[in-house]
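Participant: Would you mind keeping the following structure in view while I ask a few things?
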Amino acid sequence: PEADELLTRSPLARLVGMLLDQQVPMEWAFTGPHTIAQRLGGDDLDAREIAARDPEEFAELLARKPAVHRYPGSMARRVQQLCQYLVEHYDGDAGALWRDVDDGRELLRRLNALPGFGKQKAQIFLALLGKQLGVTPTGWREAAGAYGEEGAYRSVADITGPDSLTRVRETKQAAKQATKQATKQATEQAARSSAKGGA
């Protein structure tokens, strides 16, 4: 509950949670900002403070058990790079990224420019802003791609409780199965073609 509360009120916590959301379960990733804030001795994250930290000390802070991420060293570096970028471009104010944007494509461009945010992560975060936080510049759904679709259960943008979490997990599992099946069929097809060619 404390981690959820921090995510609700802190734009930087949301960005950091999204950054950490890879190669670990979503719950682990989005609890990370609260764990970092506690270890820094506060109840929120401060981009300036994190950006200015000694990199080795900050990496140790994330690696302390229980670790904030499966790869605490590389993620500590990414979190610091994100905060340094926010200090340089947005005066340390994560919310300024989307506060005055009136065009979905521009917001996607800004998110995509963040260290550690590729196109997919930027689209998911854009969908999260639109679906859960009322940040709806013109064309935001289109800019978010499939993640912006209404009634979709594709990503963290669609999770509002245990039921929706289960549905997102089921959708991801089904997508993985479909990819596996398609790969298997393509491999079999290639083998058949090769066999015909050699005959």
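As shown in the structure tokens, the chain order sets the letters A, B, ...; within each chain, residues go from 1, and ligands are also counted from 1 in the order they appear.
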May I have the residues within 10 Å of stretch 37-45 of chain A as a ChimeraX atom specification, using only C-alpha atoms and disregarding those fewer than 6 positions away in the same chain?

Facilitator: /A:2-3,6-7,9-13,16,58,61-62,64,83

Participant: Any chance you could export the current selection's N, CA and C atoms as a PDB file, in the first residue's frame?

Facilitator:
```
ATOM      1  N   GLU A   2       1.948   1.275   0.754  1.00  0.00           N
ATOM      2  CA  GLU A   2       2.811   2.468   0.802  1.00  0.00           C
ATOM      3  C   GLU A   2       3.456   2.701  -0.562  1.00  0.00           C
ATOM      4  N   ALA A   3       3.850   1.627  -1.222  1.00  0.00           N
ATOM      5  CA  ALA A   3       4.458   1.756  -2.547  1.00  0.00           C
ATOM      6  C   ALA A   3       3.435   2.282  -3.541  1.00  0.00           C
ATOM      7  N   LEU A   6       2.873   6.014  -2.997  1.00  0.00           N
ATOM      8  CA  LEU A   6       3.964   6.819  -3.555  1.00  0.00           C
ATOM      9  C   LEU A   6       3.799   6.955  -5.067  1.00  0.00           C
ATOM     10  N   LEU A   7       3.462   5.860  -5.738  1.00  0.00           N
ATOM     11  CA  LEU A   7       3.272   5.897  -7.191  1.00  0.00           C
ATOM     12  C   LEU A   7       2.135   6.852  -7.562  1.00  0.00           C
ATOM     13  N   ARG A   9       1.200   9.608  -6.017  1.00  0.00           N
ATOM     14  CA  ARG A   9       1.470  11.041  -5.837  1.00  0.00           C
ATOM     15  C   ARG A   9       2.776  11.524  -6.456  1.00  0.00           C
ATOM     16  N   SER A  10       3.654  10.612  -6.867  1.00  0.00           N
ATOM     17  CA  SER A  10       4.986  11.027  -7.305  1.00  0.00           C
ATOM     18  C   SER A  10       5.256  10.712  -8.772  1.00  0.00           C
ATOM     19  N   PRO A  11       5.314  11.737  -9.626  1.00  0.00           N
ATOM     20  CA  PRO A  11       5.641  11.497 -11.037  1.00  0.00           C
ATOM     21  C   PRO A  11       6.990  10.791 -11.225  1.00  0.00           C
ATOM     22  N   LEU A  12       7.995  11.154 -10.413  1.00  0.00           N
ATOM     23  CA  LEU A  12       9.307  10.533 -10.551  1.00  0.00           C
ATOM     24  C   LEU A  12       9.245   9.058 -10.152  1.00  0.00           C
ATOM     25  N   ALA A  13       8.497   8.737  -9.113  1.00  0.00           N
ATOM     26  CA  ALA A  13       8.355   7.331  -8.694  1.00  0.00           C
ATOM     27  C   ALA A  13       7.746   6.507  -9.825  1.00  0.00           C
ATOM     28  N   VAL A  16      10.447   5.965 -12.494  1.00  0.00           N
ATOM     29  CA  VAL A  16      11.462   5.018 -12.035  1.00  0.00           C
ATOM     30  C   VAL A  16      10.886   3.597 -12.018  1.00  0.00           C
ATOM     31  N   PHE A  58      25.252   4.637  -4.671  1.00  0.00           N
ATOM     32  CA  PHE A  58      23.862   4.453  -5.097  1.00  0.00           C
ATOM     33  C   PHE A  58      23.625   3.010  -5.548  1.00  0.00           C
ATOM     34  N   LEU A  61      23.248   0.884  -2.562  1.00  0.00           N
ATOM     35  CA  LEU A  61      21.932   1.131  -1.959  1.00  0.00           C
ATOM     36  C   LEU A  61      20.861   0.255  -2.620  1.00  0.00           C
ATOM     37  N   LEU A  62      20.935   0.109  -3.945  1.00  0.00           N
ATOM     38  CA  LEU A  62      19.951  -0.706  -4.667  1.00  0.00           C
ATOM     39  C   LEU A  62      20.229  -2.202  -4.512  1.00  0.00           C
ATOM     40  N   ARG A  64      21.473  -3.659  -1.783  1.00  0.00           N
ATOM     41  CA  ARG A  64      21.230  -4.121  -0.415  1.00  0.00           C
ATOM     42  C   ARG A  64      20.018  -5.058  -0.386  1.00  0.00           C
ATOM     43  N   CYS A  83      17.542  10.477 -13.839  1.00  0.00           N
ATOM     44  CA  CYS A  83      17.440  11.655 -12.968  1.00  0.00           C
ATOM     45  C   CYS A  83      18.328  12.802 -13.464  1.00  0.00           C
TER      46      CYS A  83
END
```

Participant: Contacts of A:Ala143 at 10 Å or less, counting only C-alpha atoms, minus same-chain residues fewer than 2 places along, as a list in words?

Facilitator: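 Listed by chain and then number, they are Asp103, Gly104, Arg105, Glu106, Leu107, Leu108, Arg109, Ala122, Gln123, Leu126, Ala127, Pro137, Thr138, Gly139, Trp140, Arg141, Gly145, Ala146, Tyr147 and Gly148 of chain A.
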
Participant: Report as a PyMOL selection string: the residues of stretch 125-184 of chain A with a DSSP assignment of helix (DSSP H, G or I), based on the backbone of this structure.

Facilitator: chain A and resi 125-133+140-148+156-158+162-184

Participant: Could you write out the selected residues, including C-alpha atoms, as a PDB file, in the first residue's frame?

Facilitator:
```
ATOM      1  CA  PHE A 125       3.962   4.872 -20.053  1.00  0.00           C
ATOM      2  CA  LEU A 126       1.995   7.196 -22.332  1.00  0.00           C
ATOM      3  CA  ALA A 127      -0.957   4.776 -22.110  1.00  0.00           C
ATOM      4  CA  LEU A 128      -0.593   4.699 -18.312  1.00  0.00           C
ATOM      5  CA  LEU A 129      -0.692   8.509 -18.166  1.00  0.00           C
ATOM      6  CA  GLY A 130      -3.804   8.617 -20.335  1.00  0.00           C
ATOM      7  CA  LYS A 131      -5.740   5.725 -18.837  1.00  0.00           C
ATOM      8  CA  GLN A 132      -4.973   6.213 -15.152  1.00  0.00           C
ATOM      9  CA  LEU A 133      -3.850   9.796 -14.606  1.00  0.00           C
ATOM     10  CA  TRP A 140      -2.536  10.192 -27.128  1.00  0.00           C
ATOM     11  CA  ARG A 141      -4.229   6.854 -27.845  1.00  0.00           C
ATOM     12  CA  GLU A 142      -2.843   6.758 -31.380  1.00  0.00           C
ATOM     13  CA  ALA A 143       0.636   7.700 -30.137  1.00  0.00           C
ATOM     14  CA  ALA A 144       0.460   4.925 -27.524  1.00  0.00           C
ATOM     15  CA  GLY A 145      -0.350   2.388 -30.257  1.00  0.00           C
ATOM     16  CA  ALA A 146      -1.997  -0.874 -29.153  1.00  0.00           C
ATOM     17  CA  TYR A 147      -1.290   0.031 -25.499  1.00  0.00           C
ATOM     18  CA  GLY A 148      -3.666   2.987 -25.788  1.00  0.00           C
ATOM     19  CA  VAL A 156       0.882  -2.079 -16.568  1.00  0.00           C
ATOM     20  CA  ALA A 157      -1.188   0.783 -18.037  1.00  0.00           C
ATOM     21  CA  ASP A 158      -4.249  -1.464 -17.714  1.00  0.00           C
ATOM     22  CA  PRO A 162      -5.840  -7.901  -8.741  1.00  0.00           C
ATOM     23  CA  ASP A 163      -8.405  -8.811 -11.443  1.00  0.00           C
ATOM     24  CA  SER A 164      -6.867  -6.609 -14.127  1.00  0.00           C
ATOM     25  CA  LEU A 165      -3.383  -7.825 -13.143  1.00  0.00           C
ATOM     26  CA  THR A 166      -4.538 -11.406 -13.773  1.00  0.00           C
ATOM     27  CA  ARG A 167      -6.011 -10.423 -17.140  1.00  0.00           C
ATOM     28  CA  VAL A 168      -2.806  -8.655 -18.227  1.00  0.00           C
ATOM     29  CA  ARG A 169      -0.774 -11.729 -17.216  1.00  0.00           C
ATOM     30  CA  GLU A 170      -3.135 -13.980 -19.204  1.00  0.00           C
ATOM     31  CA  THR A 171      -2.857 -11.714 -22.283  1.00  0.00           C
ATOM     32  CA  LYS A 172       0.953 -11.715 -22.063  1.00  0.00           C
ATOM     33  CA  GLN A 173       0.995 -15.509 -21.656  1.00  0.00           C
ATOM     34  CA  ALA A 174      -1.275 -15.958 -24.688  1.00  0.00           C
ATOM     35  CA  ALA A 175       0.954 -13.646 -26.760  1.00  0.00           C
ATOM     36  CA  LYS A 176       4.046 -15.660 -25.748  1.00  0.00           C
ATOM     37  CA  GLN A 177       2.327 -18.916 -26.730  1.00  0.00           C
ATOM     38  CA  ALA A 178       1.282 -17.469 -30.089  1.00  0.00           C
ATOM     39  CA  THR A 179       4.862 -16.334 -30.777  1.00  0.00           C
ATOM     40  CA  LYS A 180       6.215 -19.777 -29.839  1.00  0.00           C
ATOM     41  CA  GLN A 181       3.681 -21.464 -32.113  1.00  0.00           C
ATOM     42  CA  ALA A 182       4.471 -19.126 -35.020  1.00  0.00           C
ATOM     43  CA  THR A 183       8.224 -19.734 -34.593  1.00  0.00           C
ATOM     44  CA  LYS A 184       7.687 -23.492 -34.487  1.00  0.00           C
TER      45      LYS A 184
END
```

Participant: Please measure the separation of atom CA of A:Glu56 and atom CA of A:Gln81, giving the value in Å to one decimal.

Facilitator: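 Going from atom CA of A:Glu56 over to atom CA of A:Gln81 covers 13.6 Å.
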
Participant: Using only C-alpha atoms, find the one residue out of A:Ile36, A:Val24, A:Val87, A:Leu114 that sits nearest to A:Lys65.

Facilitator: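 Once distances to A:Lys65 are computed over only C-alpha atoms, the minimum belongs to A:Ile36.
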
Participant: How many Å lie between atom CA of A:Ala51 and atom CA of A:Pro72, rounded to one decimal?

Facilitator: 16.2 Å

Participant: Go ahead and compute the interatomic distance for atom CA of A:Leu111 and atom CA of A:Leu97, in Å to one decimal.

Facilitator: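 Atom CA of A:Leu111 sits 7.6 Å away from atom CA of A:Leu97.
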
Participant: From the set A:Ala29, A:Val101, A:Ala47, A:Ala152, which residue has the shortest atom-to-atom contact distance to A:Val79, counting only C-alpha atoms?

Facilitator: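 Ranked by minimum distance to A:Val79, first place goes to A:Ala47.
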
Participant: Might you pull out every residue within 12 Å of A:Ala63, with only C-alpha atoms counted and same-chain residues fewer than 6 positions away left off, and present them as a list in words?

Facilitator: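 So, after excluding close chain neighbours, the residues are Gly32, Thr35, Ile36, Arg39, Glu56, Glu57, His69, Arg70, Tyr71, Pro72, Gly73, Ser74, Met75, Ala76 and Arg77 of chain A.
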
Participant: Filtering to all heavy atoms, could you give me those residues as a short mmCIF file (atom, residue, chain, number, x, y, z; two decimals), in the first residue's frame?

Facilitator:
```cif
data_model
loop_
_atom_site.label_atom_id
_atom_site.label_comp_id
_atom_site.auth_asym_id
_atom_site.auth_seq_id
_atom_site.Cartn_x
_atom_site.Cartn_y
_atom_site.Cartn_z
N GLY A 32 10.00 -0.83 -6.26
CA GLY A 32 11.35 -0.28 -6.23
C GLY A 32 11.45 1.18 -5.81
O GLY A 32 12.28 1.52 -4.94
N THR A 35 11.15 1.51 -2.09
CA THR A 35 12.33 0.97 -1.41
C THR A 35 13.49 1.96 -1.50
O THR A 35 14.19 2.22 -0.51
CB THR A 35 12.73 -0.38 -2.05
OG1 THR A 35 11.61 -1.25 -2.03
CG2 THR A 35 13.89 -1.02 -1.30
N ILE A 36 13.69 2.54 -2.70
CA ILE A 36 14.78 3.52 -2.88
C ILE A 36 14.55 4.74 -1.99
O ILE A 36 15.46 5.21 -1.30
CB ILE A 36 14.89 3.95 -4.36
CG1 ILE A 36 15.31 2.75 -5.24
CG2 ILE A 36 15.91 5.09 -4.52
CD1 ILE A 36 15.19 3.01 -6.74
N ARG A 39 15.38 3.94 1.59
CA ARG A 39 16.82 3.79 1.82
C ARG A 39 17.56 5.12 1.74
O ARG A 39 18.65 5.28 2.29
CB ARG A 39 17.41 2.78 0.83
CG ARG A 39 16.94 1.37 1.14
CD ARG A 39 17.45 0.33 0.18
NE ARG A 39 16.87 -0.97 0.48
CZ ARG A 39 17.07 -2.06 -0.24
NH1 ARG A 39 17.87 -2.04 -1.29
NH2 ARG A 39 16.49 -3.20 0.09
N GLU A 56 28.76 4.55 -7.06
CA GLU A 56 29.02 3.28 -6.35
C GLU A 56 28.15 3.16 -5.11
O GLU A 56 27.61 2.10 -4.81
CB GLU A 56 30.50 3.16 -5.98
CG GLU A 56 31.38 2.81 -7.17
CD GLU A 56 32.83 2.59 -6.78
OE1 GLU A 56 33.11 2.29 -5.60
OE2 GLU A 56 33.68 2.73 -7.68
N GLU A 57 28.00 4.27 -4.41
CA GLU A 57 27.17 4.29 -3.20
C GLU A 57 25.70 4.03 -3.57
O GLU A 57 25.00 3.28 -2.88
CB GLU A 57 27.32 5.66 -2.53
CG GLU A 57 26.52 5.83 -1.26
CD GLU A 57 26.44 7.30 -0.84
OE1 GLU A 57 27.51 7.90 -0.62
OE2 GLU A 57 25.32 7.83 -0.78
N HIS A 69 16.31 -4.70 -7.70
CA HIS A 69 16.15 -5.30 -9.03
C HIS A 69 17.09 -6.49 -9.15
O HIS A 69 18.06 -6.60 -8.39
CB HIS A 69 16.48 -4.25 -10.11
CG HIS A 69 16.03 -4.62 -11.49
ND1 HIS A 69 16.77 -5.43 -12.32
CD2 HIS A 69 14.90 -4.29 -12.17
CE1 HIS A 69 16.12 -5.58 -13.47
NE2 HIS A 69 14.99 -4.92 -13.40
N ARG A 70 16.81 -7.36 -10.09
CA ARG A 70 17.68 -8.51 -10.34
C ARG A 70 19.08 -8.04 -10.74
O ARG A 70 20.07 -8.70 -10.46
CB ARG A 70 17.07 -9.36 -11.46
CG ARG A 70 17.89 -10.58 -11.82
CD ARG A 70 17.19 -11.42 -12.87
NE ARG A 70 16.05 -12.09 -12.30
CZ ARG A 70 14.90 -12.33 -12.94
NH1 ARG A 70 14.74 -11.92 -14.17
NH2 ARG A 70 13.92 -12.95 -12.35
N TYR A 71 19.16 -6.88 -11.42
CA TYR A 71 20.45 -6.32 -11.84
C TYR A 71 20.62 -4.93 -11.20
O TYR A 71 20.48 -3.91 -11.86
CB TYR A 71 20.51 -6.21 -13.37
CG TYR A 71 20.25 -7.54 -14.05
CD1 TYR A 71 19.06 -7.79 -14.71
CD2 TYR A 71 21.21 -8.56 -13.99
CE1 TYR A 71 18.82 -9.02 -15.31
CE2 TYR A 71 20.98 -9.79 -14.58
CZ TYR A 71 19.78 -10.02 -15.24
OH TYR A 71 19.54 -11.23 -15.82
N PRO A 72 20.89 -4.90 -9.90
CA PRO A 72 20.90 -3.62 -9.19
C PRO A 72 21.96 -2.63 -9.68
O PRO A 72 21.71 -1.43 -9.71
CB PRO A 72 21.13 -4.00 -7.72
CG PRO A 72 21.72 -5.37 -7.76
CD PRO A 72 21.18 -6.02 -9.00
N GLY A 73 23.12 -3.14 -10.09
CA GLY A 73 24.18 -2.23 -10.54
C GLY A 73 23.80 -1.48 -11.80
O GLY A 73 23.87 -0.25 -11.87
N SER A 74 23.38 -2.23 -12.83
CA SER A 74 23.02 -1.57 -14.09
C SER A 74 21.77 -0.71 -13.92
O SER A 74 21.65 0.36 -14.52
CB SER A 74 22.85 -2.58 -15.22
OG SER A 74 21.80 -3.47 -14.94
N MET A 75 20.84 -1.15 -13.09
CA MET A 75 19.62 -0.36 -12.89
C MET A 75 19.90 0.91 -12.07
O MET A 75 19.30 1.95 -12.31
CB MET A 75 18.53 -1.19 -12.22
CG MET A 75 17.84 -2.12 -13.18
SD MET A 75 17.10 -1.19 -14.58
CE MET A 75 16.78 -2.50 -15.72
N ALA A 76 20.84 0.83 -11.14
CA ALA A 76 21.23 2.04 -10.40
C ALA A 76 21.78 3.07 -11.37
O ALA A 76 21.44 4.26 -11.30
CB ALA A 76 22.28 1.69 -9.34
N ARG A 77 22.61 2.61 -12.31
CA ARG A 77 23.18 3.52 -13.31
C ARG A 77 22.06 4.13 -14.16
O ARG A 77 22.05 5.33 -14.42
CB ARG A 77 24.17 2.75 -14.18
CG ARG A 77 24.98 3.62 -15.12
CD ARG A 77 26.15 2.87 -15.75
NE ARG A 77 25.74 1.66 -16.47
CZ ARG A 77 25.94 0.41 -16.04
NH1 ARG A 77 26.54 0.19 -14.88
NH2 ARG A 77 25.53 -0.63 -16.75
#
```
